[in-house]
file model_2.txt (compact mmCIF, C-alpha atoms)
# COMPACT_ATOMS: atom_id res chain seq x y z
CA GLU A 1 58.43 258.45 -27.94
CA ALA A 2 59.11 259.68 -24.42
CA ILE A 3 55.44 259.36 -23.50
CA MET A 4 55.27 255.81 -24.87
CA GLU A 5 58.30 254.94 -22.76
CA ASP A 6 57.32 256.77 -19.55
CA TYR A 7 53.68 255.62 -19.60
CA HIS A 8 54.13 252.19 -21.12
CA GLY A 9 50.98 250.12 -20.57
CA GLN A 10 48.96 253.14 -19.36
CA TYR A 11 48.25 255.43 -22.29
CA LEU A 12 45.31 255.42 -24.69
CA LEU A 13 46.15 255.29 -28.37
CA VAL A 14 43.67 257.17 -30.59
CA VAL A 15 44.02 256.38 -34.29
CA GLU A 16 42.33 258.16 -37.18
CA GLY A 17 42.33 256.75 -40.70
CA SER A 18 42.83 253.31 -42.18
CA VAL A 19 46.38 252.12 -42.81
CA PRO A 20 47.73 251.00 -46.21
CA THR A 21 49.28 247.55 -45.98
CA GLY A 22 50.11 247.03 -49.66
CA ALA A 23 53.72 247.25 -50.86
CA ASP A 24 54.80 246.60 -47.25
CA GLY A 25 53.07 249.82 -46.18
CA ALA A 26 55.03 252.08 -48.56
CA TYR A 27 51.87 254.01 -49.61
CA CYS A 28 52.04 256.03 -46.38
CA THR A 29 55.38 256.90 -44.82
CA ILE A 30 56.20 259.32 -42.02
CA GLY A 31 59.79 260.33 -41.35
CA GLY A 32 61.01 257.53 -43.57
CA ARG A 33 58.99 254.87 -41.74
CA THR A 34 55.66 253.40 -42.78
CA ALA A 35 52.43 254.21 -40.96
CA LEU A 36 52.15 250.47 -40.41
CA ASP A 37 55.41 250.48 -38.43
CA HIS A 38 54.34 253.52 -36.42
CA LEU A 39 51.02 251.87 -35.58
CA HIS A 40 52.59 248.67 -34.31
CA GLU A 41 55.12 250.61 -32.23
CA ALA A 42 52.50 252.86 -30.63
CA ALA A 43 50.07 250.00 -30.00
CA GLU A 44 52.60 247.82 -28.20
CA GLY A 45 52.45 249.84 -24.98
CA ALA A 46 48.83 251.06 -25.14
CA ALA A 47 46.32 250.22 -22.43
CA ALA A 48 43.55 250.45 -25.04
CA ILE A 49 43.18 251.62 -28.60
CA ILE A 50 40.39 253.82 -29.99
CA ALA A 51 39.77 253.76 -33.75
CA VAL A 52 38.14 257.09 -34.60
CA GLY A 53 36.09 257.51 -37.78
CA ASN A 54 34.82 254.99 -40.31
CA CYS A 55 38.22 254.63 -42.00
CA ALA A 56 39.95 253.61 -38.78
CA ALA A 57 37.03 251.49 -37.57
CA PHE A 58 36.05 249.69 -40.78
CA GLY A 59 38.40 250.81 -43.55
CA GLY A 60 36.14 253.52 -44.96
CA ILE A 61 36.62 255.04 -48.40
CA PRO A 62 40.30 253.96 -48.81
CA HIS A 63 39.12 250.38 -48.24
CA ALA A 64 36.43 250.68 -50.92
CA ASN A 65 36.67 248.62 -54.10
CA PRO A 66 39.20 248.20 -55.65
CA ASN A 67 41.28 249.22 -52.59
CA PRO A 68 44.55 249.74 -54.52
CA THR A 69 46.66 250.34 -51.37
CA ALA A 70 45.24 247.34 -49.46
CA ALA A 71 44.02 249.71 -46.75
CA LYS A 72 42.77 248.02 -43.60
CA ALA A 73 40.89 249.00 -40.47
CA ILE A 74 42.90 249.30 -37.25
CA GLY A 75 41.16 246.28 -35.72
CA GLU A 76 42.11 244.15 -38.72
CA ILE A 77 45.78 245.00 -38.28
CA LEU A 78 45.84 244.90 -34.47
CA SER A 79 43.64 241.85 -34.05
CA ASP A 80 45.37 240.87 -30.79
CA TYR A 81 44.77 244.27 -29.13
CA PRO A 82 41.68 245.76 -27.42
CA VAL A 83 40.44 248.10 -30.18
CA VAL A 84 37.27 250.13 -29.59
CA ASN A 85 35.58 251.46 -32.73
CA VAL A 86 34.04 254.94 -32.87
CA PRO A 87 32.85 255.02 -36.50
CA GLY A 88 31.28 257.85 -38.44
CA CYS A 89 32.45 260.11 -41.26
CA PRO A 90 33.39 262.01 -39.21
CA ALA A 91 32.87 260.57 -35.74
CA ILE A 92 30.82 262.69 -33.32
CA PRO A 93 33.31 264.65 -31.12
CA GLU A 94 31.26 264.23 -27.94
CA ILE A 95 31.33 260.45 -28.37
CA ILE A 96 35.12 260.45 -28.61
CA THR A 97 35.41 262.64 -25.52
CA GLY A 98 32.82 260.62 -23.61
CA LEU A 99 34.66 257.39 -24.31
CA ILE A 100 37.99 258.78 -23.09
CA VAL A 101 36.41 260.30 -19.96
CA ASN A 102 34.66 257.00 -19.24
CA TYR A 103 38.03 255.24 -19.30
CA ILE A 104 39.65 257.88 -17.07
CA VAL A 105 36.83 257.69 -14.49
CA ALA A 106 36.00 253.97 -14.57
CA GLY A 107 39.39 252.60 -15.59
CA LYS A 108 37.84 250.57 -18.39
CA MET A 109 35.93 250.86 -21.63
CA PRO A 110 32.10 250.69 -21.59
CA GLY A 111 30.11 247.75 -22.96
CA LEU A 112 30.66 247.11 -26.66
CA ASP A 113 28.48 245.63 -29.40
CA ALA A 114 29.48 242.89 -31.84
CA LEU A 115 31.43 245.43 -33.92
CA ASN A 116 33.32 246.76 -30.87
CA ARG A 117 31.32 250.00 -30.79
CA PRO A 118 30.21 251.50 -27.42
CA LYS A 119 26.62 250.37 -26.89
CA THR A 120 25.80 253.64 -25.13
CA TYR A 121 26.12 255.48 -28.44
CA TYR A 122 25.71 252.78 -31.07
CA GLY A 123 23.21 250.46 -29.40
CA ARG A 124 20.23 251.71 -31.41
CA THR A 125 19.63 252.85 -34.96
CA ILE A 126 19.14 256.42 -36.06
CA HIS A 127 15.71 255.33 -37.30
CA ASP A 128 14.73 254.34 -33.74
CA ARG A 129 15.20 257.89 -32.45
CA CYS A 130 14.57 260.01 -35.55
CA GLN A 131 12.01 262.84 -35.23
CA ARG A 132 10.68 261.84 -38.66
CA ARG A 133 9.88 258.33 -37.37
CA PRO A 134 6.20 259.17 -36.68
CA PHE A 135 5.77 259.93 -40.40
CA PHE A 136 7.34 256.57 -41.26
CA ASN A 137 4.85 254.92 -38.91
CA LEU A 138 2.00 256.73 -40.66
CA GLY A 139 3.29 255.79 -44.12
CA LYS A 140 4.05 259.41 -45.08
CA PHE A 141 7.17 259.65 -47.25
CA ALA A 142 8.84 262.36 -49.30
CA ASP A 143 9.03 261.35 -52.99
CA SER A 144 11.56 264.02 -53.92
CA PHE A 145 13.66 266.63 -52.17
CA ASP A 146 11.33 269.46 -53.10
CA ASP A 147 7.83 267.98 -52.89
CA ASP A 148 5.27 268.82 -50.22
CA GLY A 149 6.29 265.80 -48.16
CA ALA A 150 9.89 266.97 -47.94
CA LYS A 151 8.77 270.49 -47.06
CA ASN A 152 6.55 269.12 -44.28
CA GLY A 153 9.32 267.00 -42.76
CA TRP A 154 8.05 263.57 -43.86
CA CYS A 155 10.21 260.45 -43.74
CA LEU A 156 13.13 260.32 -46.22
CA PHE A 157 13.32 256.52 -46.44
CA LEU A 158 12.25 256.34 -50.10
CA LEU A 159 14.96 258.87 -51.00
CA GLY A 160 17.72 256.55 -49.80
CA CYS A 161 17.84 257.19 -46.05
CA LYS A 162 19.88 254.49 -44.31
CA GLY A 163 18.65 255.42 -40.84
CA PRO A 164 16.92 252.02 -40.32
CA THR A 165 20.24 250.16 -40.72
CA THR A 166 22.66 252.69 -39.23
CA HIS A 167 23.69 252.60 -35.58
CA ASN A 168 24.77 255.96 -34.20
CA ALA A 169 23.69 258.72 -31.82
CA CYS A 170 23.20 261.43 -34.47
CA ALA A 171 19.46 261.73 -33.84
CA THR A 172 19.93 262.45 -30.13
CA GLN A 173 23.49 263.81 -29.87
CA ARG A 174 23.26 265.88 -33.05
CA TRP A 175 26.06 268.05 -34.45
CA GLY A 176 27.25 271.59 -33.82
CA ASN A 177 26.70 271.51 -30.05
CA GLY A 178 23.34 269.81 -30.50
CA LEU A 179 22.15 272.08 -33.30
CA SER A 180 21.09 269.55 -35.94
CA PHE A 181 21.94 266.40 -37.90
CA PRO A 182 21.56 265.45 -41.60
CA ILE A 183 18.00 264.09 -41.47
CA GLU A 184 16.80 267.07 -39.45
CA SER A 185 18.36 269.29 -42.11
CA GLY A 186 16.49 267.47 -44.90
CA HIS A 187 19.16 265.03 -46.08
CA PRO A 188 18.95 261.22 -45.87
CA CYS A 189 21.34 259.32 -43.61
CA LEU A 190 24.24 257.87 -45.64
CA GLY A 191 25.13 255.09 -43.20
CA CYS A 192 28.63 256.47 -42.59
CA SER A 193 29.08 254.65 -39.27
CA GLU A 194 28.49 251.16 -40.68
CA PRO A 195 30.92 248.69 -42.29
CA ASP A 196 31.38 248.96 -46.07
CA PHE A 197 30.47 252.63 -46.08
CA TRP A 198 30.69 253.75 -49.71
CA ASP A 199 30.58 250.28 -51.28
CA ALA A 200 27.20 249.68 -49.62
CA GLY A 201 25.76 252.75 -51.39
CA GLY A 202 23.47 255.35 -49.90
CA PHE A 203 24.20 258.45 -51.95
CA TYR A 204 20.70 259.30 -53.22
CA GLU A 205 20.02 255.66 -54.03
CA GLU A 206 16.28 255.10 -53.79
CA THR A 207 15.25 252.41 -51.32
CA ARG A 208 11.81 251.68 -52.71
CA GLN A 209 12.93 248.17 -53.62
CA TYR A 210 13.62 247.49 -49.94
CA PHE A 211 10.37 248.92 -48.66
CA HIS A 212 8.78 245.50 -48.11
CA SER A 213 11.40 244.87 -45.40
CA PHE A 214 10.16 247.79 -43.31
CA THR A 215 6.45 247.71 -42.55
CA PRO A 216 5.10 251.04 -41.25
CA PHE A 217 3.27 251.03 -37.95
CA VAL A 218 -0.50 251.02 -38.38
CA ALA A 219 -2.39 252.88 -35.69
CA GLY A 220 -4.42 250.50 -33.56
CA SER A 221 -2.65 247.33 -34.70
CA GLY A 222 -0.17 247.30 -31.83
CA GLU A 223 2.50 245.91 -34.17
CA GLU A 224 5.58 247.46 -35.62
CA SER A 225 8.66 246.11 -37.41

call {"tool": "encode", "arguments": {"input": "model_2.txt", "output": "structure tokens"}}
result
Amino acid sequence: EAIMEDYHGQYLLVVEGSVPTGADGAYCTIGGRTALDHLHEAAEGAAAIIAVGNCAAFGGIPHANPNPTAAKAIGEILSDYPVVNVPGCPAIPEIITGLIVNYIVAGKMPGLDALNRPKTYYGRTIHDRCQRRPFFNLGKFADSFDDDGAKNGWCLFLLGCKGPTTHNACATQRWGNGLSFPIESGHPCLGCSEPDFWDAGGFYEETRQYFHSFTPFVAGSGEES
């Protein structure tokens, strides 16, 4: 409270998690006050607000059908405030740090996309920068998690990988100080940094029915979708 008073209009507010709005916010209370009240109070004097993780950015799992607590993303609740979304389940730590440092150095947030995500990190899909992309271009796909294709690092698209529709820096930033990321470890992307994560599916759901939407690159044709 002292910080909010002493640095009114100057501090960054970082919020994790969606906020229940049902029953006047009674589903989440802190010190006898609702999280909804705390959010409005803290946001009032913030220079900018960063919504960290898919739940804060887009509602996440609490927002999934049937959403019994009427959980909402931070941007939905604070529609009149400058909210920057850093989605992911969880969000990549280096992206959070980079965004804060950018504000400290430049005095403003970087360019954002249509979903208020920093373009620097979310401007391209995981598919665009995935090391398995050459196999996609050659039409080489794993048919199961233990076939020869999977063992040879072929594309996981047919096993439910959401890399082509997921915007994040996992393929280049990686996790564990740059050690790896799910696709590199043999697991399809689940699309955890996109809206409607969970309701949109992705957990081992085969994507063969969508294959016609993604035409592999054919060597010599000069065309790619």

call {"tool": "residues_around", "arguments": {"input": "model_2.txt", "residues": "range 84-95 of chain A", "least_positions_apart": "6", "cutoff": "6 Å", "atoms": "all atoms listed in the file", "output": "JSON, numbers by chain"}}
result
{"A": [50, 51, 52, 53, 54, 57, 116, 117, 192, 193]}

call {"tool": "closest_residue", "arguments": {"input": "model_2.txt", "among": "A:Leu13, A:Val101, A:Leu156, A:Cys161", "to": "Gly45 in chain A", "atoms": "all atoms listed in the file"}}
result
A:Leu13

call {"tool": "atom_distance", "arguments": {"input": "model_2.txt", "atom1": "CA of Leu36 in chain A", "atom2": "CA of Ile61 in chain A"}}
result
18.1 Å

call {"tool": "atom_distance", "arguments": {"input": "model_2.txt", "atom1": "CA of Gly9 in chain A", "atom2": "CA of Ala47 in chain A"}}
result
5.0 Å

call {"tool": "axis_aligned_box", "arguments": {"input": "model_2.txt", "around": "range 180-193 of chain A", "padding_each_side": "5 Å", "output": "lines of an AutoDock Vina configuration file"}}
result
center_x = 22.8
center_y = 262.1
center_z = -41.0
size_x = 22.6
size_y = 24.9
size_z = 20.1

call {"tool": "closest_residue", "arguments": {"input": "model_2.txt", "among": "A:Val15, A:Ala2, A:Pro110, A:His187", "to": "Asp146 in chain A", "atoms": "only C-alpha atoms"}}
result
A:His187

call {"tool": "closest_residue", "arguments": {"input": "model_2.txt", "among": "A:Ala73, A:Cys130, A:Gln10, A:Ser180", "to": "Leu39 in chain A", "atoms": "all atoms listed in the file"}}
result
A:Ala73

call {"tool": "atom_distance", "arguments": {"input": "model_2.txt", "atom1": "CA of Ala35 in chain A", "atom2": "CA of Gly17 in chain A"}}
result
10.4 Å

call {"tool": "decode", "arguments": {"input": "model_2.txt", "residues": "range 98-131 of chain A", "atoms": "N, CA, C and O atoms", "output": "PDB file, in the first residue's frame"}}
result
ATOM      1  N   GLY A  98      12.416  -9.561 -19.877  1.00  0.00           N
ATOM      2  CA  GLY A  98      12.737  -8.695 -21.015  1.00  0.00           C
ATOM      3  C   GLY A  98      11.752  -7.558 -21.179  1.00  0.00           C
ATOM      4  O   GLY A  98      12.128  -6.427 -21.512  1.00  0.00           O
ATOM      5  N   LEU A  99      10.481  -7.848 -20.931  1.00  0.00           N
ATOM      6  CA  LEU A  99       9.446  -6.828 -21.063  1.00  0.00           C
ATOM      7  C   LEU A  99       9.619  -5.740 -20.005  1.00  0.00           C
ATOM      8  O   LEU A  99       9.522  -4.539 -20.301  1.00  0.00           O
ATOM      9  N   ILE A 100       9.900  -6.154 -18.767  1.00  0.00           N
ATOM     10  CA  ILE A 100      10.096  -5.185 -17.687  1.00  0.00           C
ATOM     11  C   ILE A 100      11.342  -4.339 -17.936  1.00  0.00           C
ATOM     12  O   ILE A 100      11.325  -3.113 -17.771  1.00  0.00           O
ATOM     13  N   VAL A 101      12.430  -4.980 -18.344  1.00  0.00           N
ATOM     14  CA  VAL A 101      13.670  -4.249 -18.626  1.00  0.00           C
ATOM     15  C   VAL A 101      13.462  -3.264 -19.777  1.00  0.00           C
ATOM     16  O   VAL A 101      13.961  -2.138 -19.752  1.00  0.00           O
ATOM     17  N   ASN A 102      12.713  -3.681 -20.792  1.00  0.00           N
ATOM     18  CA  ASN A 102      12.427  -2.796 -21.919  1.00  0.00           C
ATOM     19  C   ASN A 102      11.723  -1.524 -21.441  1.00  0.00           C
ATOM     20  O   ASN A 102      12.041  -0.415 -21.875  1.00  0.00           O
ATOM     21  N   TYR A 103      10.789  -1.703 -20.514  1.00  0.00           N
ATOM     22  CA  TYR A 103      10.064  -0.538 -19.992  1.00  0.00           C
ATOM     23  C   TYR A 103      10.995   0.365 -19.177  1.00  0.00           C
ATOM     24  O   TYR A 103      10.946   1.592 -19.277  1.00  0.00           O
ATOM     25  N   ILE A 104      11.855  -0.255 -18.363  1.00  0.00           N
ATOM     26  CA  ILE A 104      12.785   0.522 -17.539  1.00  0.00           C
ATOM     27  C   ILE A 104      13.739   1.333 -18.416  1.00  0.00           C
ATOM     28  O   ILE A 104      14.013   2.509 -18.155  1.00  0.00           O
ATOM     29  N   VAL A 105      14.243   0.714 -19.479  1.00  0.00           N
ATOM     30  CA  VAL A 105      15.235   1.369 -20.343  1.00  0.00           C
ATOM     31  C   VAL A 105      14.594   2.368 -21.298  1.00  0.00           C
ATOM     32  O   VAL A 105      15.076   3.499 -21.455  1.00  0.00           O
ATOM     33  N   ALA A 106      13.494   1.964 -21.937  1.00  0.00           N
ATOM     34  CA  ALA A 106      12.886   2.805 -22.974  1.00  0.00           C
ATOM     35  C   ALA A 106      11.754   3.692 -22.453  1.00  0.00           C
ATOM     36  O   ALA A 106      11.323   4.623 -23.132  1.00  0.00           O
ATOM     37  N   GLY A 107      11.252   3.370 -21.261  1.00  0.00           N
ATOM     38  CA  GLY A 107      10.162   4.160 -20.703  1.00  0.00           C
ATOM     39  C   GLY A 107       8.815   3.866 -21.324  1.00  0.00           C
ATOM     40  O   GLY A 107       7.858   4.619 -21.126  1.00  0.00           O
ATOM     41  N   LYS A 108       8.733   2.771 -22.082  1.00  0.00           N
ATOM     42  CA  LYS A 108       7.469   2.395 -22.704  1.00  0.00           C
ATOM     43  C   LYS A 108       7.492   0.914 -23.043  1.00  0.00           C
ATOM     44  O   LYS A 108       8.549   0.277 -23.037  1.00  0.00           O
ATOM     45  N   MET A 109       6.322   0.382 -23.338  1.00  0.00           N
ATOM     46  CA  MET A 109       6.224  -1.012 -23.746  1.00  0.00           C
ATOM     47  C   MET A 109       6.573  -1.141 -25.229  1.00  0.00           C
ATOM     48  O   MET A 109       6.396  -0.189 -25.997  1.00  0.00           O
ATOM     49  N   PRO A 110       7.066  -2.317 -25.653  1.00  0.00           N
ATOM     50  CA  PRO A 110       7.392  -2.522 -27.070  1.00  0.00           C
ATOM     51  C   PRO A 110       6.123  -2.636 -27.904  1.00  0.00           C
ATOM     52  O   PRO A 110       5.007  -2.616 -27.376  1.00  0.00           O
ATOM     53  N   GLY A 111       6.281  -2.780 -29.216  1.00  0.00           N
ATOM     54  CA  GLY A 111       5.139  -2.930 -30.104  1.00  0.00           C
ATOM     55  C   GLY A 111       4.339  -4.181 -29.780  1.00  0.00           C
ATOM     56  O   GLY A 111       4.908  -5.227 -29.486  1.00  0.00           O
ATOM     57  N   LEU A 112       3.011  -4.064 -29.851  1.00  0.00           N
ATOM     58  CA  LEU A 112       2.138  -5.177 -29.498  1.00  0.00           C
ATOM     59  C   LEU A 112       1.353  -5.652 -30.713  1.00  0.00           C
ATOM     60  O   LEU A 112       1.128  -4.891 -31.656  1.00  0.00           O
ATOM     61  N   ASP A 113       0.921  -6.920 -30.683  1.00  0.00           N
ATOM     62  CA  ASP A 113       0.080  -7.441 -31.751  1.00  0.00           C
ATOM     63  C   ASP A 113      -1.388  -7.177 -31.424  1.00  0.00           C
ATOM     64  O   ASP A 113      -1.711  -6.471 -30.462  1.00  0.00           O
ATOM     65  N   ALA A 114      -2.282  -7.745 -32.202  1.00  0.00           N
ATOM     66  CA  ALA A 114      -3.714  -7.487 -32.026  1.00  0.00           C
ATOM     67  C   ALA A 114      -4.250  -8.019 -30.707  1.00  0.00           C
ATOM     68  O   ALA A 114      -5.312  -7.585 -30.241  1.00  0.00           O
ATOM     69  N   LEU A 115      -3.519  -8.950 -30.076  1.00  0.00           N
ATOM     70  CA  LEU A 115      -3.939  -9.504 -28.788  1.00  0.00           C
ATOM     71  C   LEU A 115      -3.127  -8.914 -27.639  1.00  0.00           C
ATOM     72  O   LEU A 115      -3.078  -9.486 -26.545  1.00  0.00           O
ATOM     73  N   ASN A 116      -2.478  -7.774 -27.902  1.00  0.00           N
ATOM     74  CA  ASN A 116      -1.681  -7.058 -26.891  1.00  0.00           C
ATOM     75  C   ASN A 116      -0.501  -7.869 -26.374  1.00  0.00           C
ATOM     76  O   ASN A 116      -0.091  -7.731 -25.218  1.00  0.00           O
ATOM     77  N   ARG A 117       0.066  -8.715 -27.227  1.00  0.00           N
ATOM     78  CA  ARG A 117       1.272  -9.455 -26.892  1.00  0.00           C
ATOM     79  C   ARG A 117       2.474  -8.765 -27.532  1.00  0.00           C
ATOM     80  O   ARG A 117       2.367  -8.232 -28.645  1.00  0.00           O
ATOM     81  N   PRO A 118       3.636  -8.750 -26.885  1.00  0.00           N
ATOM     82  CA  PRO A 118       4.838  -8.133 -27.483  1.00  0.00           C
ATOM     83  C   PRO A 118       5.215  -8.837 -28.784  1.00  0.00           C
ATOM     84  O   PRO A 118       5.448 -10.045 -28.795  1.00  0.00           O
ATOM     85  N   LYS A 119       5.265  -8.092 -29.873  1.00  0.00           N
ATOM     86  CA  LYS A 119       5.580  -8.689 -31.172  1.00  0.00           C
ATOM     87  C   LYS A 119       6.957  -9.333 -31.196  1.00  0.00           C
ATOM     88  O   LYS A 119       7.188 -10.306 -31.912  1.00  0.00           O
ATOM     89  N   THR A 120       7.882  -8.792 -30.412  1.00  0.00           N
ATOM     90  CA  THR A 120       9.241  -9.340 -30.382  1.00  0.00           C
ATOM     91  C   THR A 120       9.226 -10.829 -30.058  1.00  0.00           C
ATOM     92  O   THR A 120       9.997 -11.613 -30.612  1.00  0.00           O
ATOM     93  N   TYR A 121       8.337 -11.230 -29.170  1.00  0.00           N
ATOM     94  CA  TYR A 121       8.287 -12.625 -28.717  1.00  0.00           C
ATOM     95  C   TYR A 121       7.134 -13.424 -29.323  1.00  0.00           C
ATOM     96  O   TYR A 121       7.224 -14.645 -29.445  1.00  0.00           O
ATOM     97  N   TYR A 122       6.062 -12.738 -29.673  1.00  0.00           N
ATOM     98  CA  TYR A 122       4.871 -13.440 -30.138  1.00  0.00           C
ATOM     99  C   TYR A 122       4.514 -13.113 -31.592  1.00  0.00           C
ATOM    100  O   TYR A 122       3.418 -13.421 -32.047  1.00  0.00           O
ATOM    101  N   GLY A 123       5.442 -12.509 -32.302  1.00  0.00           N
ATOM    102  CA  GLY A 123       5.159 -12.085 -33.668  1.00  0.00           C
ATOM    103  C   GLY A 123       5.117 -13.215 -34.687  1.00  0.00           C
ATOM    104  O   GLY A 123       4.577 -13.043 -35.776  1.00  0.00           O
ATOM    105  N   ARG A 124       5.697 -14.364 -34.349  1.00  0.00           N
ATOM    106  CA  ARG A 124       5.718 -15.490 -35.272  1.00  0.00           C
ATOM    107  C   ARG A 124       5.271 -16.756 -34.552  1.00  0.00           C
ATOM    108  O   ARG A 124       5.296 -16.837 -33.322  1.00  0.00           O
ATOM    109  N   THR A 125       4.876 -17.747 -35.329  1.00  0.00           N
ATOM    110  CA  THR A 125       4.425 -18.994 -34.721  1.00  0.00           C
ATOM    111  C   THR A 125       5.603 -19.883 -34.348  1.00  0.00           C
ATOM    112  O   THR A 125       6.716 -19.728 -34.864  1.00  0.00           O
ATOM    113  N   ILE A 126       5.345 -20.823 -33.480  1.00  0.00           N
ATOM    114  CA  ILE A 126       6.357 -21.817 -33.129  1.00  0.00           C
ATOM    115  C   ILE A 126       6.718 -22.633 -34.358  1.00  0.00           C
ATOM    116  O   ILE A 126       7.883 -22.992 -34.578  1.00  0.00           O
ATOM    117  N   HIS A 127       5.740 -22.913 -35.192  1.00  0.00           N
ATOM    118  CA  HIS A 127       5.937 -23.668 -36.427  1.00  0.00           C
ATOM    119  C   HIS A 127       6.964 -22.984 -37.335  1.00  0.00           C
ATOM    120  O   HIS A 127       7.776 -23.657 -37.975  1.00  0.00           O
ATOM    121  N   ASP A 128       6.944 -21.655 -37.373  1.00  0.00           N
ATOM    122  CA  ASP A 128       7.855 -20.905 -38.234  1.00  0.00           C
ATOM    123  C   ASP A 128       9.313 -21.166 -37.897  1.00  0.00           C
ATOM    124  O   ASP A 128      10.183 -21.127 -38.771  1.00  0.00           O
ATOM    125  N   ARG A 129       9.587 -21.405 -36.605  1.00  0.00           N
ATOM    126  CA  ARG A 129      10.979 -21.494 -36.147  1.00  0.00           C
ATOM    127  C   ARG A 129      11.323 -22.852 -35.538  1.00  0.00           C
ATOM    128  O   ARG A 129      12.355 -23.002 -34.896  1.00  0.00           O
ATOM    129  N   CYS A 130      10.461 -23.832 -35.757  1.00  0.00           N
ATOM    130  CA  CYS A 130      10.668 -25.159 -35.175  1.00  0.00           C
ATOM    131  C   CYS A 130      11.748 -25.929 -35.940  1.00  0.00           C
ATOM    132  O   CYS A 130      11.791 -25.908 -37.176  1.00  0.00           O
ATOM    133  N   GLN A 131      12.627 -26.638 -35.224  1.00  0.00           N
ATOM    134  CA  GLN A 131      13.677 -27.414 -35.894  1.00  0.00           C
ATOM    135  C   GLN A 131      13.120 -28.622 -36.624  1.00  0.00           C
ATOM    136  O   GLN A 131      13.808 -29.234 -37.433  1.00  0.00           O
TER     137      GLN A 131
END
